[in-house]
file structure_2.tsv (TSV, C-alpha atoms)
chain	number	residue	atom	x	y	z
A	3	MET	CA	0.00	0.00	0.00
A	4	GLU	CA	2.83	2.39	0.90
A	5	ASN	CA	4.55	1.76	-2.42
A	6	HIS	CA	1.30	2.43	-4.27
A	7	GLN	CA	0.91	5.74	-2.43
A	8	THR	CA	4.47	6.73	-3.29
A	9	PHE	CA	4.68	5.70	-6.93
A	10	SER	CA	1.09	6.09	-8.11
A	11	LEU	CA	0.41	8.44	-11.02
A	12	LYS	CA	-1.91	10.50	-8.82
A	13	THR	CA	0.86	11.09	-6.27
A	14	ILE	CA	3.33	12.15	-8.96
A	15	LEU	CA	0.85	14.50	-10.67
A	16	THR	CA	-0.13	16.03	-7.34
A	17	GLY	CA	3.57	16.61	-6.63
A	18	ALA	CA	3.92	18.42	-9.97
A	19	GLN	CA	0.88	20.55	-9.11
A	20	MET	CA	2.45	21.56	-5.79
A	21	LEU	CA	5.56	22.75	-7.63
A	22	PHE	CA	3.37	24.81	-9.98
A	23	VAL	CA	1.83	26.54	-6.94
A	24	ALA	CA	5.26	27.28	-5.45
A	25	PHE	CA	7.04	28.08	-8.71
A	26	GLY	CA	6.41	31.83	-8.93
A	27	ALA	CA	7.68	32.57	-5.44
A	28	LEU	CA	10.49	30.02	-5.69
A	29	VAL	CA	12.13	31.62	-8.75
A	30	LEU	CA	11.27	35.21	-7.80
A	31	VAL	CA	13.80	35.28	-4.95
A	32	PRO	CA	16.87	34.36	-7.05
A	33	LEU	CA	15.75	36.66	-9.87
A	34	LEU	CA	15.51	39.59	-7.44
A	35	THR	CA	18.77	38.86	-5.65
A	36	GLY	CA	20.97	38.06	-8.65
A	37	LEU	CA	21.19	34.33	-7.91
A	38	ASP	CA	20.58	31.57	-10.45
A	39	PRO	CA	16.95	30.32	-10.66
A	40	ASN	CA	18.06	26.85	-11.76
A	41	VAL	CA	20.25	26.60	-8.66
A	42	ALA	CA	17.25	27.71	-6.57
A	43	LEU	CA	15.15	24.90	-8.06
A	44	PHE	CA	17.90	22.39	-7.29
A	45	THR	CA	18.41	23.58	-3.70
A	46	ALA	CA	14.65	23.76	-3.03
A	47	GLY	CA	14.36	20.12	-4.06
A	48	LEU	CA	17.45	19.11	-2.11
A	49	GLY	CA	16.36	21.05	0.97
A	50	THR	CA	12.90	19.48	0.90
A	51	LEU	CA	14.38	15.98	0.71
A	52	LEU	CA	16.71	16.71	3.65
A	53	PHE	CA	13.79	18.11	5.66
A	54	HIS	CA	11.80	14.92	5.08
A	55	VAL	CA	14.75	12.77	6.13
A	56	VAL	CA	15.12	14.70	9.41
A	57	THR	CA	11.36	14.67	10.13
A	58	LYS	CA	11.04	10.99	9.11
A	59	GLY	CA	8.74	11.83	6.20
A	60	GLN	CA	5.81	12.74	8.43
A	61	VAL	CA	5.03	16.36	7.43
A	62	PRO	CA	3.46	17.30	4.04
A	63	ILE	CA	5.66	20.37	3.57
A	64	PHE	CA	7.69	21.79	0.66
A	65	LEU	CA	10.63	24.13	1.29
A	66	ALA	CA	11.88	26.77	-1.14
A	67	SER	CA	13.29	30.30	-1.45
A	68	SER	CA	12.66	32.51	1.60
A	69	PHE	CA	11.30	36.04	1.06
A	70	ALA	CA	12.67	37.20	4.43
A	71	PHE	CA	16.23	37.03	3.09
A	72	ILE	CA	15.65	39.02	-0.14
A	73	ALA	CA	16.65	42.46	1.15
A	74	PRO	CA	19.63	41.20	3.22
A	75	ILE	CA	20.96	39.13	0.28
A	76	ILE	CA	20.74	42.13	-2.08
A	77	ALA	CA	22.64	44.29	0.41
A	78	SER	CA	25.20	41.60	1.26
A	79	VAL	CA	25.94	40.76	-2.38
A	80	GLN	CA	26.62	44.44	-3.07
A	81	MET	CA	29.07	44.67	-0.15
A	82	TRP	CA	30.82	41.28	-0.12
A	83	GLY	CA	29.77	39.33	-3.22
A	84	ILE	CA	27.80	36.11	-3.69
A	85	PRO	CA	30.33	33.58	-2.23
A	86	ALA	CA	30.69	35.50	1.07
A	87	THR	CA	26.90	35.95	1.21
A	88	MET	CA	26.51	32.19	0.86
A	89	GLY	CA	28.94	31.71	3.75
A	90	GLY	CA	26.83	34.02	5.91
A	91	LEU	CA	23.68	32.16	4.93
A	92	MET	CA	25.25	28.81	5.78
A	93	VAL	CA	25.99	30.01	9.31
A	94	ALA	CA	22.46	31.47	9.51
A	95	GLY	CA	21.19	27.97	8.79
A	96	PHE	CA	23.27	26.65	11.68
A	97	CYS	CA	21.33	29.02	13.96
A	98	TYR	CA	18.32	26.77	13.47
A	99	PHE	CA	20.33	23.95	15.02
A	100	ALA	CA	20.69	26.05	18.17
A	101	LEU	CA	16.98	26.90	18.11
A	102	SER	CA	16.22	23.20	17.72
A	103	LEU	CA	18.18	22.41	20.88
A	104	ILE	CA	16.49	25.23	22.81
A	105	VAL	CA	13.05	23.96	21.82
A	106	LYS	CA	13.94	20.35	22.63
A	107	PHE	CA	15.30	21.06	26.11
A	108	LYS	CA	13.56	24.30	27.13
A	109	GLY	CA	10.35	24.39	25.10
A	110	VAL	CA	8.91	27.00	22.72
A	111	ASN	CA	8.33	29.51	25.54
A	112	ALA	CA	12.10	29.95	25.93
A	113	LEU	CA	12.20	31.36	22.38
A	114	HIS	CA	9.40	33.80	23.10
A	115	LYS	CA	11.28	35.17	26.11
A	116	VAL	CA	14.33	36.04	24.02
A	117	LEU	CA	12.33	37.03	20.93
A	118	PRO	CA	9.03	38.58	22.05
A	119	PRO	CA	6.70	40.28	19.54
A	120	VAL	CA	8.08	43.75	20.37
A	121	VAL	CA	11.44	42.58	18.96
A	122	VAL	CA	10.32	40.25	16.17
A	123	GLY	CA	7.55	42.52	14.80
A	124	PRO	CA	9.64	45.61	14.02
A	125	VAL	CA	12.58	43.49	12.77
A	126	ILE	CA	10.25	41.88	10.21
A	127	MET	CA	8.97	45.36	9.28
A	128	VAL	CA	12.56	46.49	8.65
A	129	ILE	CA	13.12	43.47	6.38
A	130	GLY	CA	10.17	44.60	4.30
A	131	LEU	CA	10.72	48.36	4.26
A	132	ALA	CA	14.49	48.89	4.30
A	133	LEU	CA	14.82	48.26	0.58
A	134	ALA	CA	11.45	49.66	-0.52
A	135	PRO	CA	13.32	52.17	-2.74
A	136	VAL	CA	14.76	49.22	-4.69
A	137	ALA	CA	11.24	48.04	-5.54
A	138	VAL	CA	10.15	51.54	-6.59
A	139	ASN	CA	13.25	52.08	-8.73
A	140	MET	CA	12.72	48.78	-10.53
A	141	ALA	CA	9.03	49.53	-11.04
A	142	MET	CA	10.08	52.74	-12.81
A	143	GLY	CA	12.49	50.83	-15.05
A	144	LYS	CA	15.69	51.70	-13.21
A	145	ALA	CA	18.41	49.54	-11.71
A	146	GLY	CA	17.72	48.67	-8.07
A	147	ASP	CA	20.05	51.41	-6.83
A	148	GLY	CA	18.59	53.95	-9.26
A	149	SER	CA	21.92	54.42	-11.04
A	150	ALA	CA	20.68	53.59	-14.56
A	151	GLN	CA	17.44	53.70	-16.56
A	152	LEU	CA	17.15	50.17	-18.00
A	153	VAL	CA	13.65	50.51	-19.49
A	154	PRO	CA	12.02	53.80	-20.57
A	155	TYR	CA	9.89	55.18	-17.75
A	156	GLU	CA	6.66	55.40	-19.78
A	157	GLN	CA	6.82	51.71	-20.71
A	158	ALA	CA	8.09	50.56	-17.33
A	159	ILE	CA	5.30	52.17	-15.32
A	160	TRP	CA	2.62	50.48	-17.44
A	161	VAL	CA	4.27	47.07	-17.19
A	162	SER	CA	4.92	47.28	-13.45
A	163	GLY	CA	1.40	48.61	-12.85
A	164	LEU	CA	-0.15	45.70	-14.76
A	165	SER	CA	2.03	43.15	-12.91
A	166	LEU	CA	0.98	44.65	-9.58
A	167	LEU	CA	-2.71	44.85	-10.56
A	168	VAL	CA	-2.94	41.22	-11.73
A	169	THR	CA	-1.12	40.03	-8.60
A	170	LEU	CA	-3.62	41.95	-6.45
A	171	ILE	CA	-6.63	40.59	-8.38
A	172	PHE	CA	-5.51	36.98	-7.96
A	173	ALA	CA	-4.61	37.49	-4.28
A	174	VAL	CA	-7.90	39.19	-3.35
A	175	TRP	CA	-10.50	37.74	-5.72
A	176	GLY	CA	-8.91	34.48	-6.87
A	177	LYS	CA	-10.75	31.24	-6.11
A	178	GLY	CA	-9.35	27.78	-5.51
A	179	VAL	CA	-5.89	27.17	-6.94
A	180	PHE	CA	-5.88	30.62	-8.60
A	181	LYS	CA	-5.73	32.25	-5.16
A	182	LEU	CA	-2.49	30.38	-4.52
A	183	ILE	CA	-0.57	31.70	-7.56
A	184	PRO	CA	-0.83	35.52	-7.45
A	185	ILE	CA	2.92	36.04	-7.98
A	186	LEU	CA	3.04	33.63	-10.90
A	187	ALA	CA	-0.01	35.33	-12.44
A	188	GLY	CA	1.55	38.79	-12.03
A	189	VAL	CA	4.82	37.68	-13.63
A	190	VAL	CA	3.01	36.08	-16.60
A	191	ALA	CA	0.82	39.17	-17.18
A	192	GLY	CA	3.78	41.56	-16.95
A	193	TYR	CA	5.89	39.36	-19.21
A	194	LEU	CA	3.18	39.20	-21.88
A	195	ALA	CA	2.86	43.00	-21.75
A	196	SER	CA	6.64	43.30	-22.06
A	197	LEU	CA	6.59	41.04	-25.12
A	198	PHE	CA	3.85	43.17	-26.68
A	199	ILE	CA	5.82	46.42	-26.33
A	200	GLY	CA	9.12	44.78	-27.28
A	201	ILE	CA	11.32	45.14	-24.19
A	202	VAL	CA	12.25	41.45	-23.80
A	203	GLU	CA	15.70	40.32	-24.96
A	204	PHE	CA	15.98	36.66	-26.04
A	205	ASN	CA	19.71	36.46	-26.76
A	206	ALA	CA	20.44	34.56	-23.54
A	207	VAL	CA	17.78	31.94	-24.36
A	208	THR	CA	19.06	31.45	-27.90
A	209	GLU	CA	22.64	30.95	-26.73
A	210	ALA	CA	21.79	28.64	-23.80
A	211	ASN	CA	21.99	24.85	-24.09
A	212	TRP	CA	18.84	22.84	-23.55
A	213	PHE	CA	20.36	20.94	-20.64
A	214	ALA	CA	23.28	21.85	-18.38
A	215	VAL	CA	24.48	21.53	-14.81
A	216	PRO	CA	23.24	24.57	-12.83
A	217	ALA	CA	25.82	27.32	-12.23
A	218	PHE	CA	26.65	26.40	-8.65
A	219	THR	CA	28.49	28.97	-6.51
A	220	TYR	CA	30.34	27.74	-3.46
A	221	PRO	CA	30.55	29.68	-0.18
A	222	GLU	CA	33.40	31.70	1.25
A	223	PHE	CA	33.50	32.83	4.84
A	224	LYS	CA	33.90	36.49	5.80
A	225	TRP	CA	32.95	37.32	9.35
A	226	GLN	CA	31.44	40.67	8.27
A	227	ALA	CA	28.94	38.88	6.02
A	228	ILE	CA	28.27	36.27	8.72
A	229	LEU	CA	27.51	38.93	11.36
A	230	PHE	CA	25.30	40.73	8.85
A	231	MET	CA	23.28	37.65	7.87
A	232	VAL	CA	22.91	35.53	11.01
A	233	PRO	CA	20.30	37.70	12.83
A	234	VAL	CA	18.06	37.59	9.74
A	235	ALA	CA	17.26	33.98	10.67
A	236	ILE	CA	15.04	35.31	13.48
A	237	ALA	CA	12.14	36.22	11.17
A	238	PRO	CA	11.82	32.94	9.22
A	239	ALA	CA	12.36	31.00	12.47
A	240	ILE	CA	9.28	32.62	14.00
A	241	GLU	CA	7.43	32.13	10.69
A	242	HIS	CA	8.38	28.44	10.81
A	243	ILE	CA	6.46	27.96	14.05
A	244	GLY	CA	3.37	29.52	12.46
A	245	ASP	CA	3.70	27.33	9.37
A	246	MET	CA	3.95	24.18	11.48
A	247	MET	CA	0.84	25.20	13.41
A	248	ALA	CA	-0.98	25.89	10.12
A	249	ILE	CA	-0.17	22.54	8.51
A	250	SER	CA	-1.09	20.83	11.79
A	251	GLN	CA	-4.53	22.44	11.69
A	252	VAL	CA	-5.01	21.51	8.02
A	253	THR	CA	-4.17	17.82	8.49
A	254	GLY	CA	-5.53	17.37	12.01
A	255	LYS	CA	-2.16	16.18	13.32
A	256	ASP	CA	0.06	17.91	15.88
A	257	TYR	CA	3.44	18.10	14.17
A	258	LEU	CA	4.79	20.25	17.02
A	259	LYS	CA	4.70	17.05	19.10
A	260	LYS	CA	5.38	14.41	16.43
A	261	PRO	CA	7.90	14.55	14.83
A	262	GLY	CA	8.40	17.61	17.11
A	263	LEU	CA	9.19	21.27	16.52
A	264	HIS	CA	12.85	20.59	17.31
A	265	ARG	CA	13.03	18.20	14.34
A	266	THR	CA	11.26	20.57	11.95
A	267	PHE	CA	13.57	23.41	13.03
A	268	LEU	CA	16.56	21.17	12.43
A	269	GLY	CA	15.25	20.16	9.00
A	270	ASP	CA	14.62	23.79	8.03
A	271	GLY	CA	18.11	24.83	9.11
A	272	LEU	CA	19.74	21.92	7.32
A	273	ALA	CA	17.83	22.85	4.14
A	274	THR	CA	19.07	26.45	4.37
A	275	SER	CA	22.69	25.51	5.01
A	276	ALA	CA	22.65	22.91	2.23
A	277	ALA	CA	21.22	25.49	-0.21
A	278	SER	CA	24.09	27.89	0.52
A	279	VAL	CA	26.65	25.18	-0.23
A	280	PHE	CA	25.54	25.32	-3.88
A	281	GLY	CA	24.77	29.05	-4.15
A	282	GLY	CA	21.00	28.86	-3.68
A	283	PRO	CA	18.76	31.14	-1.58
A	284	PRO	CA	17.80	30.05	1.95
A	285	ASN	CA	14.85	27.68	2.20
A	286	THR	CA	11.72	28.03	4.26
A	287	THR	CA	8.41	26.20	4.58
A	288	TYR	CA	5.95	27.42	1.93
A	289	SER	CA	2.50	28.63	3.03
A	290	GLU	CA	1.31	28.50	-0.61
A	291	VAL	CA	1.86	24.76	-0.64
A	292	THR	CA	0.10	24.38	2.72
A	293	GLY	CA	-2.89	26.13	1.14
A	294	ALA	CA	-2.76	23.72	-1.79
A	295	VAL	CA	-2.68	20.76	0.62
A	296	MET	CA	-5.83	22.15	2.25
A	297	LEU	CA	-7.55	22.51	-1.15
A	298	THR	CA	-6.65	19.07	-2.50
A	299	ARG	CA	-7.10	17.31	0.88
A	300	ASN	CA	-4.11	15.16	-0.06
A	301	PHE	CA	-2.15	14.83	3.18
A	302	ASN	CA	0.33	12.24	1.92
A	303	PRO	CA	3.85	13.58	2.70
A	304	ARG	CA	5.25	11.52	-0.18
A	305	VAL	CA	3.63	13.97	-2.58
A	306	MET	CA	6.26	16.52	-1.50
A	307	LEU	CA	9.05	14.08	-2.30
A	308	TRP	CA	7.88	14.09	-5.93
A	309	THR	CA	7.62	17.89	-5.84
A	310	ALA	CA	11.26	17.96	-4.74
A	311	ILE	CA	12.39	15.43	-7.36
A	312	ILE	CA	10.63	17.31	-10.19
A	313	ALA	CA	12.25	20.59	-9.02
A	314	ILE	CA	15.70	18.96	-9.12
A	315	VAL	CA	15.09	17.57	-12.64
A	316	LEU	CA	13.90	20.98	-13.94
A	317	ALA	CA	17.04	22.58	-12.48
A	318	PHE	CA	19.05	20.95	-15.28
A	319	VAL	CA	16.90	22.52	-18.04
A	320	ALA	CA	19.21	25.42	-18.89
A	321	LYS	CA	16.91	27.12	-21.40
A	322	MET	CA	14.21	27.46	-18.76
A	323	GLY	CA	16.60	29.29	-16.44
A	324	ALA	CA	17.76	31.54	-19.28
A	325	GLY	CA	14.13	32.27	-20.13
A	326	LEU	CA	13.36	33.28	-16.55
A	327	GLN	CA	16.25	35.73	-16.63
A	328	THR	CA	14.69	37.55	-19.60
A	329	ILE	CA	11.88	38.85	-17.35
A	330	PRO	CA	12.23	42.67	-17.49
A	331	VAL	CA	13.04	44.78	-14.43
A	332	PRO	CA	9.64	46.55	-14.17
A	333	VAL	CA	7.78	43.21	-13.96
A	334	MET	CA	9.81	42.35	-10.87
A	335	GLY	CA	9.52	45.88	-9.49
A	336	GLY	CA	5.72	45.86	-9.59
A	337	ILE	CA	5.55	42.61	-7.64
A	338	MET	CA	8.27	43.69	-5.20
A	339	ILE	CA	6.18	46.71	-4.18
A	340	LEU	CA	3.46	44.39	-2.92
A	341	LEU	CA	5.91	41.79	-1.63
A	342	PHE	CA	8.00	44.13	0.53
A	343	GLY	CA	4.88	45.87	1.78
A	344	SER	CA	3.33	42.53	2.69
A	345	ILE	CA	6.37	41.52	4.72
A	346	ALA	CA	6.09	44.80	6.63
A	347	VAL	CA	2.41	44.10	7.32
A	348	VAL	CA	3.31	40.65	8.71
A	349	GLY	CA	5.59	42.44	11.17
A	350	LEU	CA	2.88	44.95	12.05
A	351	ASN	CA	0.39	42.11	12.55
A	352	THR	CA	2.85	40.40	14.90
A	353	LEU	CA	2.81	43.52	17.07
A	354	VAL	CA	-0.96	43.95	16.96
A	355	LYS	CA	-1.72	40.30	17.78
A	356	SER	CA	0.61	40.42	20.79
A	357	GLY	CA	-1.91	42.61	22.63
A	358	GLU	CA	0.92	44.67	24.12
A	359	ASP	CA	0.55	48.39	24.80
A	360	LEU	CA	2.85	49.68	22.07
A	361	THR	CA	2.97	53.18	23.58
A	362	ALA	CA	4.25	51.95	26.95
A	363	PRO	CA	7.75	53.45	27.44
A	364	ARG	CA	9.58	50.11	27.31
A	365	ASN	CA	7.84	48.83	24.17
A	366	LEU	CA	7.93	52.24	22.50
A	367	THR	CA	11.70	52.47	23.01
A	368	ILE	CA	12.41	49.02	21.57
A	369	ILE	CA	10.12	49.39	18.54
A	370	ALA	CA	11.12	52.97	17.74
A	371	LEU	CA	14.86	52.33	17.82
A	372	ILE	CA	14.60	49.17	15.71
A	373	LEU	CA	12.50	50.91	13.05
A	374	VAL	CA	14.60	54.07	12.79
A	375	PHE	CA	17.95	52.26	12.87
A	376	GLY	CA	16.78	49.80	10.21
A	377	ILE	CA	14.89	52.04	7.80
A	378	GLY	CA	17.23	54.99	8.31
A	379	GLY	CA	20.31	52.94	7.38
A	380	MET	CA	22.20	53.27	10.68
A	381	HIS	CA	25.49	51.40	10.83
A	382	ILE	CA	27.97	50.94	13.66
A	383	GLY	CA	31.68	50.42	13.03
A	384	GLY	CA	33.95	50.96	10.04
A	385	ASP	CA	35.48	48.97	7.21
A	386	GLU	CA	36.85	46.20	9.42
A	387	PHE	CA	33.79	45.81	11.63
A	388	SER	CA	30.34	47.02	10.75
A	389	LEU	CA	26.84	46.18	11.92
A	390	GLN	CA	23.89	47.46	9.91
A	391	GLY	CA	20.46	46.64	8.58
A	392	VAL	CA	18.52	43.70	10.01
A	393	SER	CA	21.53	42.35	11.90
A	394	LEU	CA	21.98	45.59	13.85
A	395	CYS	CA	18.22	45.85	14.48
A	396	ALA	CA	17.89	42.29	15.73
A	397	ILE	CA	20.87	42.52	18.08
A	398	LEU	CA	19.69	45.92	19.36
A	399	GLY	CA	16.18	44.59	19.98
A	400	ILE	CA	17.40	41.51	21.85
A	401	ILE	CA	19.72	43.61	24.06
A	402	LEU	CA	17.05	46.22	24.83
A	403	ASN	CA	14.52	43.51	25.66
A	404	ALA	CA	17.02	41.90	28.03
A	405	VAL	CA	18.18	45.05	29.87
A	406	LEU	CA	15.10	47.29	30.04
A	407	PRO	CA	13.18	46.48	33.23
A	408	LYS	CA	9.65	45.17	32.82
A	409	ALA	CA	8.51	47.61	35.51
A	410	VAL	CA	9.11	50.51	33.08
A	411	GLN	CA	6.25	49.16	31.00
A	412	GLN	CA	3.86	49.75	33.88
A	413	ALA	CA	5.06	53.26	34.62
A	414	ASN	CA	2.88	56.15	33.58
call {"tool": "encode", "arguments": {"input": "structure_2.tsv", "output": "structure tokens"}}
result
Amino acid sequence: MENHQTFSLKTILTGAQMLFVAFGALVLVPLLTGLDPNVALFTAGLGTLLFHVVTKGQVPIFLASSFAFIAPIIASVQMWGIPATMGGLMVAGFCYFALSLIVKFKGVNALHKVLPPVVVGPVIMVIGLALAPVAVNMAMGKAGDGSAQLVPYEQAIWVSGLSLLVTLIFAVWGKGVFKLIPILAGVVAGYLASLFIGIVEFNAVTEANWFAVPAFTYPEFKWQAILFMVPVAIAPAIEHIGDMMAISQVTGKDYLKKPGLHRTFLGDGLATSAASVFGGPPNTTYSEVTGAVMLTRNFNPRVMLWTAIIAIVLAFVAKMGAGLQTIPVPVMGGIMILLFGSIAVVGLNTLVKSGEDLTAPRNLTIIALILVFGIGGMHIGGDEFSLQGVSLCAILGIILNAVLPKAVQQAN
């Protein structure tokens, strides 16, 4: 019976469908950060397989490119290059190992003491808002830093506007599986518009081979990049807990107990570290796929193994990767506007759901400093040692939460 469930045509086709649901978000991250989409497909498949090994194949989850790391990767690549960024991401993945041990021996509450909503919420908001100008520049047809006009403004604004509009329509009014693919829909609509007005270049596709080994990039280790990247793991770690609770509710099984949150944390971290070995973006559990599991009512974890295998096979189709890289800048910019804003809203929602008095002196101090330091671009140190961005915000928030007395919150 088990073999039939694993190798049946229905299981394989369902696995392919799950990849279709995840595809838009999966390839968007490498396209935005300058990484290779074929490598991202390979590492998403590899990471998912490793996750299922660690969790003993009990959780119907697919792992792929994490949105939380987009802004930090863009910044890190500009400062230290892709190999050093991969080294930082590998160490960030190791942080999950530590979180796994904390959860196993101390329980989930120990995490909430170190990382309460007043720290996590504004840090997530910084991840979303710090590079908002990059999204706006790209939507207007410029390079991310605004240094060059890549597509004429008049054409770019129409293309980015259409990409954003279609993404919104699918996200808000989509039904069934269509509600799960707003990013993919936005990319397709923007790409078709770009073809119509003639701003797509096909030279890379013509020159690419049909099949090739993905362009793997191997990590280097620079402590500046490591310090910059490690604290970013806070946001997807908290998101991981929510995703595990969501899939538990969908299937009616408590995965926080069996196989245990410590195992799922370990699997997530191993997937992220393994991705960085090959030059892929960090992996995280995909809510889109959880939604698809709920729609199809297919709770067989082996479906995700086929999703992973199909992703790995597609990674070796070189022309597909070259085709993805022909997507014009304004298409990505239009979607990034919504994407970065949505991440900020997740952070805001974290604060609101906490029920804390955000104007109490203690909370106000922590939140205000994190937001201004992060969005304002504060950095501490010089060329040899520098903390900035999410890393500075996360460390600042953790320190303030530890040293500011709780009694201050009650003072008025």
call {"tool": "closest_residue", "arguments": {"input": "structure_2.tsv", "among": "A:Val333, A:Leu341, A:Met81, A:Leu34", "to": "Leu194 in chain A", "atoms": "all atoms listed in the file"}}
result
A:Val333
call {"tool": "atom_distance", "arguments": {"input": "structure_2.tsv", "atom1": "CA of Gly391 in chain A", "atom2": "CA of Ala77 in chain A"}}
result
8.8 Å
call {"tool": "residues_near_point", "arguments": {"input": "structure_2.tsv", "point": "(8.9, 25.9, 12.9)", "cutoff": "8 Å", "atoms": "all atoms listed in the file", "output": "PyMOL selection string"}}
result
chain A and resi 239-246+263-264+266-267+270
call {"tool": "closest_atom_pairs", "arguments": {"input": "structure_2.tsv", "of": "range 276-328 of chain A", "to": "range 174-186 of chain A", "cutoff": "8 Å", "atoms": "only C-alpha atoms", "output": "tab-separated table"}}
result
residue	atom	partner	partner_atom	distance
A:Glu290	CA	A:Leu182	CA	5.8
A:Gly293	CA	A:Leu182	CA	7.1
A:Ala294	CA	A:Val179	CA	6.9
A:Leu297	CA	A:Gly178	CA	7.1
call {"tool": "closest_residue", "arguments": {"input": "structure_2.tsv", "among": "A:Leu398, A:Phe213, A:Val128, A:Val295", "to": "Gly376 in chain A", "atoms": "all atoms listed in the file"}}
result
A:Val128
call {"tool": "closest_atom_pairs", "arguments": {"input": "structure_2.tsv", "of": "range 125-238 of chain A", "to": "range 101-110 of chain A", "cutoff": "12 Å", "atoms": "all atoms listed in the file", "output": "JSON lines"}}
result
{"residue": "A:Ala235", "atom": "CA", "partner": "A:Leu101", "partner_atom": "CA", "distance": 10.3}
{"residue": "A:Ile236", "atom": "CA", "partner": "A:Leu101", "partner_atom": "CA", "distance": 9.8}
{"residue": "A:Pro238", "atom": "CA", "partner": "A:Leu101", "partner_atom": "CA", "distance": 11.9}
call {"tool": "atom_distance", "arguments": {"input": "structure_2.tsv", "atom1": "CA of Val190 in chain A", "atom2": "CA of Trp160 in chain A"}}
result
14.4 Å
call {"tool": "residues_near_point", "arguments": {"input": "structure_2.tsv", "point": "(-3.4, 17.9, -2.7)", "cutoff": "12 Å", "atoms": "all atoms listed in the file", "output": "ChimeraX atom specification"}}
result
/A:12-21,23,62-63,178-179,252-253,290-306,309
call {"tool": "residues_around", "arguments": {"input": "structure_2.tsv", "residues": "Ala277 in chain A", "least_positions_apart": "4", "cutoff": "10 Å", "atoms": "only C-alpha atoms", "output": "list of chain:residue names"}}
result
A:Val41, A:Ala42, A:Leu43, A:Phe44, A:Thr45, A:Ala46, A:Gly47, A:Leu48, A:Gly49, A:Ala66, A:Ser67, A:Met88, A:Leu91, A:Met92, A:Gly95, A:Tyr220, A:Gly271, A:Leu272, A:Ala273, A:Gly281, A:Gly282, A:Pro283, A:Pro284, A:Asn285
call {"tool": "closest_residue", "arguments": {"input": "structure_2.tsv", "among": "A:Leu166, A:Met231, A:Leu152, A:Ala317", "to": "Gly188 in chain A", "atoms": "only C-alpha atoms"}}
result
A:Leu166
